[in-house]
>>> print(open('work.txt').read())   # compact mmCIF, C-alpha atoms
# COMPACT_ATOMS: atom_id res chain seq x y z
CA MET H 1 42.62 -35.78 -68.01
CA SER H 2 45.71 -36.46 -70.09
CA GLY H 3 48.80 -34.46 -70.92
CA TYR H 4 50.86 -32.61 -68.31
CA VAL H 5 50.56 -30.92 -64.95
CA SER H 6 52.91 -28.34 -63.46
CA LEU H 7 54.28 -28.95 -59.97
CA ASN H 8 56.46 -26.18 -58.55
CA GLY H 9 57.25 -24.99 -62.06
CA LYS H 10 58.15 -28.41 -63.46
CA LEU H 11 56.02 -30.00 -66.20
CA ILE H 12 55.21 -33.63 -65.37
CA PRO H 13 53.09 -36.18 -67.27
CA SER H 14 49.66 -36.17 -65.63
CA ASP H 15 49.74 -39.94 -65.00
CA THR H 16 52.90 -39.58 -62.88
CA PRO H 17 52.36 -39.85 -59.09
CA VAL H 18 53.24 -36.50 -57.48
CA PHE H 19 52.10 -37.05 -53.84
CA THR H 20 52.97 -39.41 -51.01
CA VAL H 21 50.49 -40.68 -48.41
CA ALA H 22 51.83 -37.97 -46.06
CA ASN H 23 50.48 -35.16 -48.27
CA ARG H 24 48.71 -32.68 -45.99
CA GLY H 25 46.05 -31.82 -48.54
CA PHE H 26 45.11 -35.52 -48.62
CA ARG H 27 45.37 -36.04 -44.86
CA TYR H 28 43.88 -32.85 -43.46
CA GLY H 29 42.44 -30.83 -46.33
CA ASP H 30 45.37 -28.45 -45.73
CA ALA H 31 45.20 -26.93 -49.20
CA LEU H 32 43.67 -24.05 -51.14
CA PHE H 33 42.62 -23.97 -54.78
CA GLU H 34 41.36 -21.67 -57.51
CA THR H 35 39.52 -22.67 -60.68
CA ILE H 36 40.40 -20.30 -63.51
CA LYS H 37 38.80 -19.95 -66.93
CA CYS H 38 41.28 -19.44 -69.77
CA VAL H 39 40.46 -18.12 -73.24
CA HIS H 40 42.87 -18.11 -76.19
CA GLY H 41 45.68 -19.28 -73.92
CA MET H 42 45.25 -16.56 -71.29
CA PRO H 43 43.79 -16.79 -67.76
CA LEU H 44 40.79 -14.55 -67.05
CA PHE H 45 40.40 -12.39 -63.94
CA LEU H 46 43.67 -13.73 -62.52
CA GLU H 47 44.07 -10.74 -60.20
CA SER H 48 40.79 -11.54 -58.43
CA HIS H 49 41.67 -15.22 -58.07
CA LEU H 50 45.06 -14.42 -56.59
CA GLN H 51 43.70 -11.85 -54.16
CA ARG H 52 41.44 -14.54 -52.71
CA LEU H 53 44.28 -17.06 -52.72
CA TYR H 54 46.69 -14.71 -50.95
CA GLY H 55 44.05 -13.91 -48.32
CA GLY H 56 43.60 -17.63 -47.67
CA MET H 57 47.35 -18.13 -47.39
CA GLU H 58 47.57 -15.40 -44.79
CA LEU H 59 44.74 -16.91 -42.76
CA LEU H 60 46.28 -20.39 -42.83
CA GLY H 61 49.84 -19.21 -42.20
CA TYR H 62 51.30 -20.45 -45.48
CA GLU H 63 54.80 -19.24 -46.26
CA TRP H 64 55.25 -16.98 -49.28
CA ASN H 65 57.64 -17.84 -52.10
CA ASP H 66 58.43 -16.23 -55.43
CA GLN H 67 56.51 -18.80 -57.50
CA LEU H 68 53.34 -17.22 -56.11
CA LEU H 69 53.97 -13.92 -57.87
CA LYS H 70 51.22 -13.00 -60.31
CA THR H 71 53.65 -12.78 -63.26
CA VAL H 72 55.13 -16.20 -62.48
CA ILE H 73 51.74 -17.89 -62.10
CA ASN H 74 50.52 -16.24 -65.31
CA GLU H 75 53.58 -17.50 -67.19
CA GLU H 76 53.26 -21.02 -65.75
CA ILE H 77 49.57 -21.22 -66.73
CA ILE H 78 50.37 -20.12 -70.28
CA ARG H 79 53.23 -22.63 -70.49
CA LEU H 80 50.99 -25.48 -69.28
CA LEU H 81 48.22 -24.56 -71.73
CA LEU H 82 50.69 -24.57 -74.61
CA ARG H 83 52.17 -27.92 -73.54
CA ASN H 84 48.70 -29.47 -73.30
CA ARG H 85 47.57 -27.81 -76.54
CA HIS H 86 44.68 -26.12 -74.75
CA LYS H 87 44.98 -23.04 -76.92
CA GLU H 88 41.35 -21.95 -77.28
CA GLY H 89 39.42 -22.59 -74.09
CA ALA H 90 40.53 -24.29 -70.89
CA ARG H 91 39.79 -24.75 -67.22
CA VAL H 92 42.85 -24.50 -64.97
CA ARG H 93 42.89 -25.64 -61.37
CA LEU H 94 45.59 -24.01 -59.25
CA THR H 95 46.20 -25.80 -55.94
CA ILE H 96 48.61 -24.89 -53.18
CA PHE H 97 49.17 -27.20 -50.24
CA ARG H 98 51.34 -27.09 -47.14
CA ASN H 99 54.30 -29.42 -47.52
CA GLU H 100 54.16 -32.69 -45.65
CA GLY H 101 55.22 -33.14 -42.04
CA GLY H 102 53.50 -33.19 -38.68
CA LEU H 103 50.06 -34.31 -37.60
CA TYR H 104 47.43 -31.60 -37.05
CA THR H 105 50.32 -29.30 -36.12
CA PRO H 106 52.46 -28.73 -39.24
CA GLN H 107 56.22 -29.09 -39.18
CA THR H 108 56.60 -26.48 -41.91
CA ASN H 109 54.61 -23.68 -43.52
CA GLU H 110 56.36 -24.06 -46.88
CA ILE H 111 54.00 -24.80 -49.76
CA SER H 112 53.89 -26.47 -53.16
CA LEU H 113 51.94 -25.27 -56.20
CA LEU H 114 50.16 -27.57 -58.63
CA LEU H 115 48.54 -26.54 -61.92
CA GLU H 116 46.20 -28.75 -63.98
CA SER H 117 44.33 -27.94 -67.20
CA ASP H 118 41.34 -29.39 -69.03
CA LEU H 119 39.59 -28.33 -72.22
CA SER H 120 36.67 -25.95 -71.81
CA GLY H 121 34.70 -23.42 -73.86
CA ASN H 122 36.44 -20.33 -75.24
CA LYS H 123 33.60 -18.01 -74.19
CA TYR H 124 30.68 -17.84 -71.77
CA GLU H 125 27.55 -19.55 -73.04
CA LEU H 126 24.10 -19.29 -71.53
CA ASN H 127 22.60 -22.69 -70.80
CA LYS H 128 19.92 -23.51 -73.37
CA GLU H 129 17.75 -25.34 -70.87
CA GLY H 130 17.02 -23.78 -67.51
CA LYS H 131 18.17 -25.62 -64.40
CA THR H 132 16.16 -26.80 -61.42
CA ILE H 133 17.13 -26.11 -57.82
CA ALA H 134 16.12 -27.36 -54.38
CA ILE H 135 17.01 -26.47 -50.79
CA TYR H 136 19.66 -28.53 -48.98
CA ASP H 137 18.77 -28.43 -45.28
CA GLU H 138 20.44 -31.57 -43.95
CA ILE H 139 23.65 -29.74 -42.91
CA PHE H 140 24.01 -25.97 -42.54
CA LYS H 141 27.11 -23.96 -43.40
CA PRO H 142 28.70 -22.31 -40.34
CA ILE H 143 29.56 -18.62 -40.53
CA SER H 144 33.28 -18.19 -39.77
CA ALA H 145 36.55 -16.78 -41.09
CA PHE H 146 36.96 -19.99 -43.10
CA ASN H 147 34.08 -18.93 -45.40
CA SER H 148 36.55 -16.79 -47.36
CA LEU H 149 38.59 -19.88 -48.28
CA LYS H 150 38.27 -22.04 -51.36
CA SER H 151 39.80 -25.02 -49.61
CA ALA H 152 40.26 -28.74 -50.16
CA ASN H 153 37.93 -29.36 -47.20
CA ALA H 154 34.64 -29.67 -49.09
CA LEU H 155 32.61 -32.30 -47.23
CA LEU H 156 29.53 -30.07 -46.98
CA PHE H 157 29.50 -29.61 -50.75
CA VAL H 158 30.07 -33.33 -51.33
CA LYS H 159 27.04 -34.12 -49.17
CA ALA H 160 24.95 -31.47 -50.94
CA GLY H 161 26.07 -32.86 -54.30
CA MET H 162 24.94 -36.33 -53.25
CA ALA H 163 21.58 -34.90 -52.18
CA LYS H 164 21.26 -33.14 -55.55
CA LYS H 165 21.71 -36.43 -57.36
CA ALA H 166 19.26 -38.24 -55.08
CA LYS H 167 16.61 -35.52 -55.48
CA GLY H 168 17.00 -35.36 -59.27
CA VAL H 169 17.63 -31.61 -59.53
CA ASP H 170 20.48 -29.69 -61.15
CA GLU H 171 21.70 -27.72 -58.13
CA MET H 172 21.19 -27.47 -54.38
CA VAL H 173 20.91 -24.23 -52.42
CA ILE H 174 22.99 -24.38 -49.24
CA LEU H 175 21.73 -22.59 -46.15
CA ASN H 176 23.86 -21.00 -43.44
CA SER H 177 23.64 -21.69 -39.72
CA LYS H 178 20.79 -19.16 -39.43
CA GLY H 179 18.72 -21.04 -42.01
CA LEU H 180 19.20 -18.31 -44.63
CA VAL H 181 20.30 -18.68 -48.25
CA CYS H 182 24.09 -18.86 -48.58
CA GLU H 183 25.20 -20.26 -51.97
CA THR H 184 24.94 -23.40 -54.08
CA VAL H 185 27.22 -26.43 -54.31
CA SER H 186 29.61 -24.68 -56.70
CA SER H 187 28.38 -21.12 -57.13
CA ASN H 188 27.12 -17.87 -55.68
CA ILE H 189 23.39 -17.26 -56.12
CA PHE H 190 21.39 -14.23 -57.30
CA LEU H 191 17.70 -13.35 -57.41
CA VAL H 192 16.03 -10.61 -59.45
CA ILE H 193 13.00 -9.02 -57.75
CA HIS H 194 11.41 -5.79 -59.05
CA ASN H 195 14.56 -4.69 -60.93
CA ARG H 196 16.75 -5.37 -57.93
CA LEU H 197 19.66 -7.80 -58.09
CA ILE H 198 19.72 -9.52 -54.71
CA THR H 199 22.44 -11.76 -53.30
CA PRO H 200 23.52 -12.71 -49.78
CA PRO H 201 26.34 -10.55 -48.37
CA LEU H 202 29.66 -12.19 -47.52
CA SER H 203 28.76 -11.82 -43.85
CA GLU H 204 26.15 -14.57 -44.38
CA GLY H 205 28.89 -17.12 -45.02
CA CYS H 206 29.07 -17.30 -48.81
CA LEU H 207 32.32 -17.60 -50.71
CA PRO H 208 33.64 -14.32 -52.17
CA GLY H 209 33.36 -15.56 -55.74
CA THR H 210 35.40 -13.91 -58.48
CA MET H 211 32.42 -13.96 -60.86
CA ARG H 212 30.18 -12.64 -58.09
CA GLN H 213 32.50 -9.65 -57.88
CA ASN H 214 32.26 -9.07 -61.63
CA ILE H 215 28.47 -9.36 -61.71
CA LEU H 216 28.00 -6.89 -58.87
CA ALA H 217 30.26 -4.43 -60.70
CA LEU H 218 28.39 -4.60 -64.03
CA ALA H 219 24.82 -4.78 -62.65
CA PRO H 220 24.27 -0.99 -62.47
CA SER H 221 25.04 -0.69 -66.20
CA LEU H 222 22.08 -3.02 -66.79
CA GLY H 223 19.79 -0.74 -64.81
CA LEU H 224 19.74 -3.00 -61.77
CA GLU H 225 19.83 -1.88 -58.16
CA VAL H 226 22.27 -4.10 -56.27
CA MET H 227 21.19 -5.34 -52.85
CA GLU H 228 23.55 -7.47 -50.76
CA THR H 229 21.12 -8.52 -48.05
CA PRO H 230 20.17 -11.65 -46.10
CA VAL H 231 17.88 -13.85 -48.18
CA GLY H 232 15.21 -16.15 -46.79
CA VAL H 233 14.02 -19.25 -48.61
CA ASN H 234 10.66 -17.59 -49.27
CA ALA H 235 12.41 -15.12 -51.60
CA PHE H 236 12.47 -17.81 -54.30
CA GLU H 237 8.69 -17.54 -54.51
CA GLN H 238 8.91 -13.77 -55.05
CA ALA H 239 11.74 -13.75 -57.60
CA GLU H 240 11.21 -13.20 -61.31
CA GLU H 241 14.64 -14.58 -62.14
CA VAL H 242 17.23 -16.73 -60.36
CA PHE H 243 20.73 -17.58 -61.51
CA TYR H 244 23.99 -18.80 -60.05
CA SER H 245 27.52 -17.83 -60.98
CA ASN H 246 31.06 -19.17 -61.00
CA ALA H 247 34.34 -18.49 -62.76
CA ILE H 248 33.96 -21.22 -65.38
CA ASN H 249 30.30 -20.88 -66.46
CA GLY H 250 29.77 -17.18 -65.89
CA VAL H 251 26.06 -17.43 -65.03
CA VAL H 252 23.61 -20.33 -65.16
CA TRP H 253 19.92 -19.47 -65.28
CA VAL H 254 17.36 -21.34 -63.23
CA LEU H 255 14.07 -22.45 -64.72
CA GLY H 256 12.36 -23.77 -61.65
CA TYR H 257 12.21 -24.08 -57.88
CA GLU H 258 9.44 -26.43 -56.77
CA LYS H 259 6.40 -25.14 -58.77
CA LYS H 260 7.84 -21.66 -59.39
CA ARG H 261 9.14 -20.84 -62.90
CA TYR H 262 11.59 -18.09 -63.89
CA PHE H 263 12.75 -16.02 -66.89
CA HIS H 264 16.36 -15.49 -68.04
CA LYS H 265 16.41 -11.93 -69.40
CA ILE H 266 19.06 -10.60 -66.99
CA SER H 267 21.15 -13.77 -67.20
CA GLU H 268 21.40 -13.37 -70.97
CA LYS H 269 22.43 -9.72 -70.66
CA ILE H 270 25.16 -10.60 -68.17
CA ILE H 271 26.54 -13.35 -70.41
CA ASN H 272 26.69 -10.89 -73.32
CA GLN H 273 28.48 -8.31 -71.16
CA LEU H 274 31.00 -10.88 -69.95
CA ASN H 275 31.79 -11.98 -73.49
CA GLN H 276 32.26 -8.38 -74.57
CA ALA H 277 34.64 -7.86 -71.65
CA ILE H 278 36.85 -10.80 -72.69
CA GLY H 279 36.60 -10.07 -76.42
CA ALA H 280 34.73 -13.29 -77.23
>>> encode(input="work.txt", output="structure tokens")
Amino acid sequence: MSGYVSLNGKLIPSDTPVFTVANRGFRYGDALFETIKCVHGMPLFLESHLQRLYGGMELLGYEWNDQLLKTVINEEIIRLLLRNRHKEGARVRLTIFRNEGGLYTPQTNEISLLLESDLSGNKYELNKEGKTIAIYDEIFKPISAFNSLKSANALLFVKAGMAKKAKGVDEMVILNSKGLVCETVSSNIFLVIHNRLITPPLSEGCLPGTMRQNILALAPSLGLEVMETPVGVNAFEQAEEVFYSNAINGVVWVLGYEKKRYFHKISEKIINQLNQAIGA
């Protein structure tokens, strides 16, 4: 990454050190983040991202300040995109972290806000080649209040990512503490079975993804019955289609799980609907 970042509303060259070794995000994972797709210089679905962010702040006891207002964040993202000349398509990471001080027990609940941007596509594109998935069953994801957070503590996903590389597949399916399907390394997961769109409910420990929210809202217009229900691993053998979703890619269709092969009819329809919604 080159160009500029925005720290507490100030544009700083991206190669300038902005943290000390006492940074709480570095020391304790005491930080939250959102990854936001931007098209033609504007952030998409910002309201949904901020709702999740604000919920995480409340849970962690972060102190509110005016730079967290939706209008201010929107303006700061636009300003950063202009400064970095990311005018068409970009990926913005918004991170807030508790300011330094204290050991496990913080000395303050005041926060700082960091924005970074990288070039990305200016619309959602369906992957030309289907992806392969496998089950990650070395470590299970606990079900707790922390499941609603998109936090800097991501060791489970790092381990699953390492397993993905070692196994030679494109994505790993993470299981919860009950041994049921939860999500993937970076996405929510969906299965299509007999015209039903099936995904684990939030009560099973998955992240409340912003794209997940959008997909569940548009599914009925595609003639799909939505079922948020616990999903066992054997469901992958029954599914006609499997895809995973996140804010940057929209949806990614899966070609294969073990010897099972899938179609991508619904995935393609969702991508088209998303692009119509953003005017791409």
>>> residues_around(input="work.txt", residues="Ala160 (chain H)", least_positions_apart="3", cutoff="8 Å", atoms="all atoms listed in the file", output="ChimeraX atom specification")
/H:136,156-157,163-164,172,174,185
>>> residues_around(input="work.txt", residues="region 65-71 of chain H", least_positions_apart="2", cutoff="12 Å", atoms="all atoms listed in the file", output="MDAnalysis selection string")
chainID H and resid 6:10 43 45:51 53:54 57 62:63 73:78 94:96 109:115
>>> residues_around(input="work.txt", residues="Val5 (chain H)", least_positions_apart="4", cutoff="6 Å", atoms="only C-alpha atoms", output="short mmCIF file (atom, residue, chain, number, x, y, z; two decimals) with C-alpha atoms, in the frame of the given file")
data_model
loop_
_atom_site.label_atom_id
_atom_site.label_comp_id
_atom_site.auth_asym_id
_atom_site.auth_seq_id
_atom_site.Cartn_x
_atom_site.Cartn_y
_atom_site.Cartn_z
CA LEU H 11 56.02 -30.00 -66.20
CA ILE H 12 55.21 -33.63 -65.37
CA SER H 14 49.66 -36.17 -65.63
CA LEU H 115 48.54 -26.54 -61.92
CA GLU H 116 46.20 -28.75 -63.98
#
>>> residues_around(input="work.txt", residues="Ile266 (chain H)", least_positions_apart="6", cutoff="12 Å", atoms="only C-alpha atoms", output="number ranges by chain")
H: 126, 190-193, 195-197, 215, 218-224, 240-244, 251-254, 272-273
>>> closest_residue(input="work.txt", among="H:Glu228, H:Glu183, H:Glu268, H:Glu34", to="Pro201 (chain H)", atoms="only C-alpha atoms")
H:Glu228
>>> residues_around(input="work.txt", residues="Arg27 (chain H)", least_positions_apart="5", cutoff="9 Å", atoms="all atoms listed in the file", output="PyMOL selection string")
chain H and resi 21-22+103
>>> decode(input="work.txt", residues="region 47-59 of chain H", atoms="N, CA and C atoms", output="PDB file, in the first residue's frame")
ATOM      1  N   GLU H  47     -24.118   2.418   6.548  1.00  0.00           N
ATOM      2  CA  GLU H  47     -25.002   2.337   7.716  1.00  0.00           C
ATOM      3  C   GLU H  47     -24.882   0.976   8.396  1.00  0.00           C
ATOM      4  N   SER H  48     -24.875  -0.097   7.625  1.00  0.00           N
ATOM      5  CA  SER H  48     -24.774  -1.438   8.191  1.00  0.00           C
ATOM      6  C   SER H  48     -23.427  -1.653   8.875  1.00  0.00           C
ATOM      7  N   HIS H  49     -22.365  -1.180   8.245  1.00  0.00           N
ATOM      8  CA  HIS H  49     -21.037  -1.305   8.852  1.00  0.00           C
ATOM      9  C   HIS H  49     -20.982  -0.568  10.194  1.00  0.00           C
ATOM     10  N   LEU H  50     -21.530   0.617  10.227  1.00  0.00           N
ATOM     11  CA  LEU H  50     -21.443   1.419  11.450  1.00  0.00           C
ATOM     12  C   LEU H  50     -22.334   0.873  12.552  1.00  0.00           C
ATOM     13  N   GLN H  51     -23.468   0.307  12.199  1.00  0.00           N
ATOM     14  CA  GLN H  51     -24.312  -0.318  13.217  1.00  0.00           C
ATOM     15  C   GLN H  51     -23.552  -1.430  13.930  1.00  0.00           C
ATOM     16  N   ARG H  52     -22.837  -2.244  13.163  1.00  0.00           N
ATOM     17  CA  ARG H  52     -22.045  -3.319  13.771  1.00  0.00           C
ATOM     18  C   ARG H  52     -20.904  -2.734  14.603  1.00  0.00           C
ATOM     19  N   LEU H  53     -20.265  -1.709  14.080  1.00  0.00           N
ATOM     20  CA  LEU H  53     -19.160  -1.075  14.793  1.00  0.00           C
ATOM     21  C   LEU H  53     -19.628  -0.477  16.115  1.00  0.00           C
ATOM     22  N   TYR H  54     -20.740   0.240  16.087  1.00  0.00           N
ATOM     23  CA  TYR H  54     -21.256   0.868  17.303  1.00  0.00           C
ATOM     24  C   TYR H  54     -21.643  -0.185  18.337  1.00  0.00           C
ATOM     25  N   GLY H  55     -22.219  -1.305  17.878  1.00  0.00           N
ATOM     26  CA  GLY H  55     -22.563  -2.383  18.797  1.00  0.00           C
ATOM     27  C   GLY H  55     -21.326  -2.956  19.473  1.00  0.00           C
ATOM     28  N   GLY H  56     -20.249  -3.111  18.706  1.00  0.00           N
ATOM     29  CA  GLY H  56     -18.989  -3.593  19.264  1.00  0.00           C
ATOM     30  C   GLY H  56     -18.394  -2.608  20.254  1.00  0.00           C
ATOM     31  N   MET H  57     -18.486  -1.333  19.957  1.00  0.00           N
ATOM     32  CA  MET H  57     -17.989  -0.304  20.875  1.00  0.00           C
ATOM     33  C   MET H  57     -18.719  -0.364  22.209  1.00  0.00           C
ATOM     34  N   GLU H  58     -20.023  -0.536  22.141  1.00  0.00           N
ATOM     35  CA  GLU H  58     -20.805  -0.609  23.374  1.00  0.00           C
ATOM     36  C   GLU H  58     -20.398  -1.827  24.205  1.00  0.00           C
ATOM     37  N   LEU H  59     -20.207  -2.961  23.538  1.00  0.00           N
ATOM     38  CA  LEU H  59     -19.825  -4.172  24.248  1.00  0.00           C
ATOM     39  C   LEU H  59     -18.459  -4.022  24.913  1.00  0.00           C
TER      40      LEU H  59
END
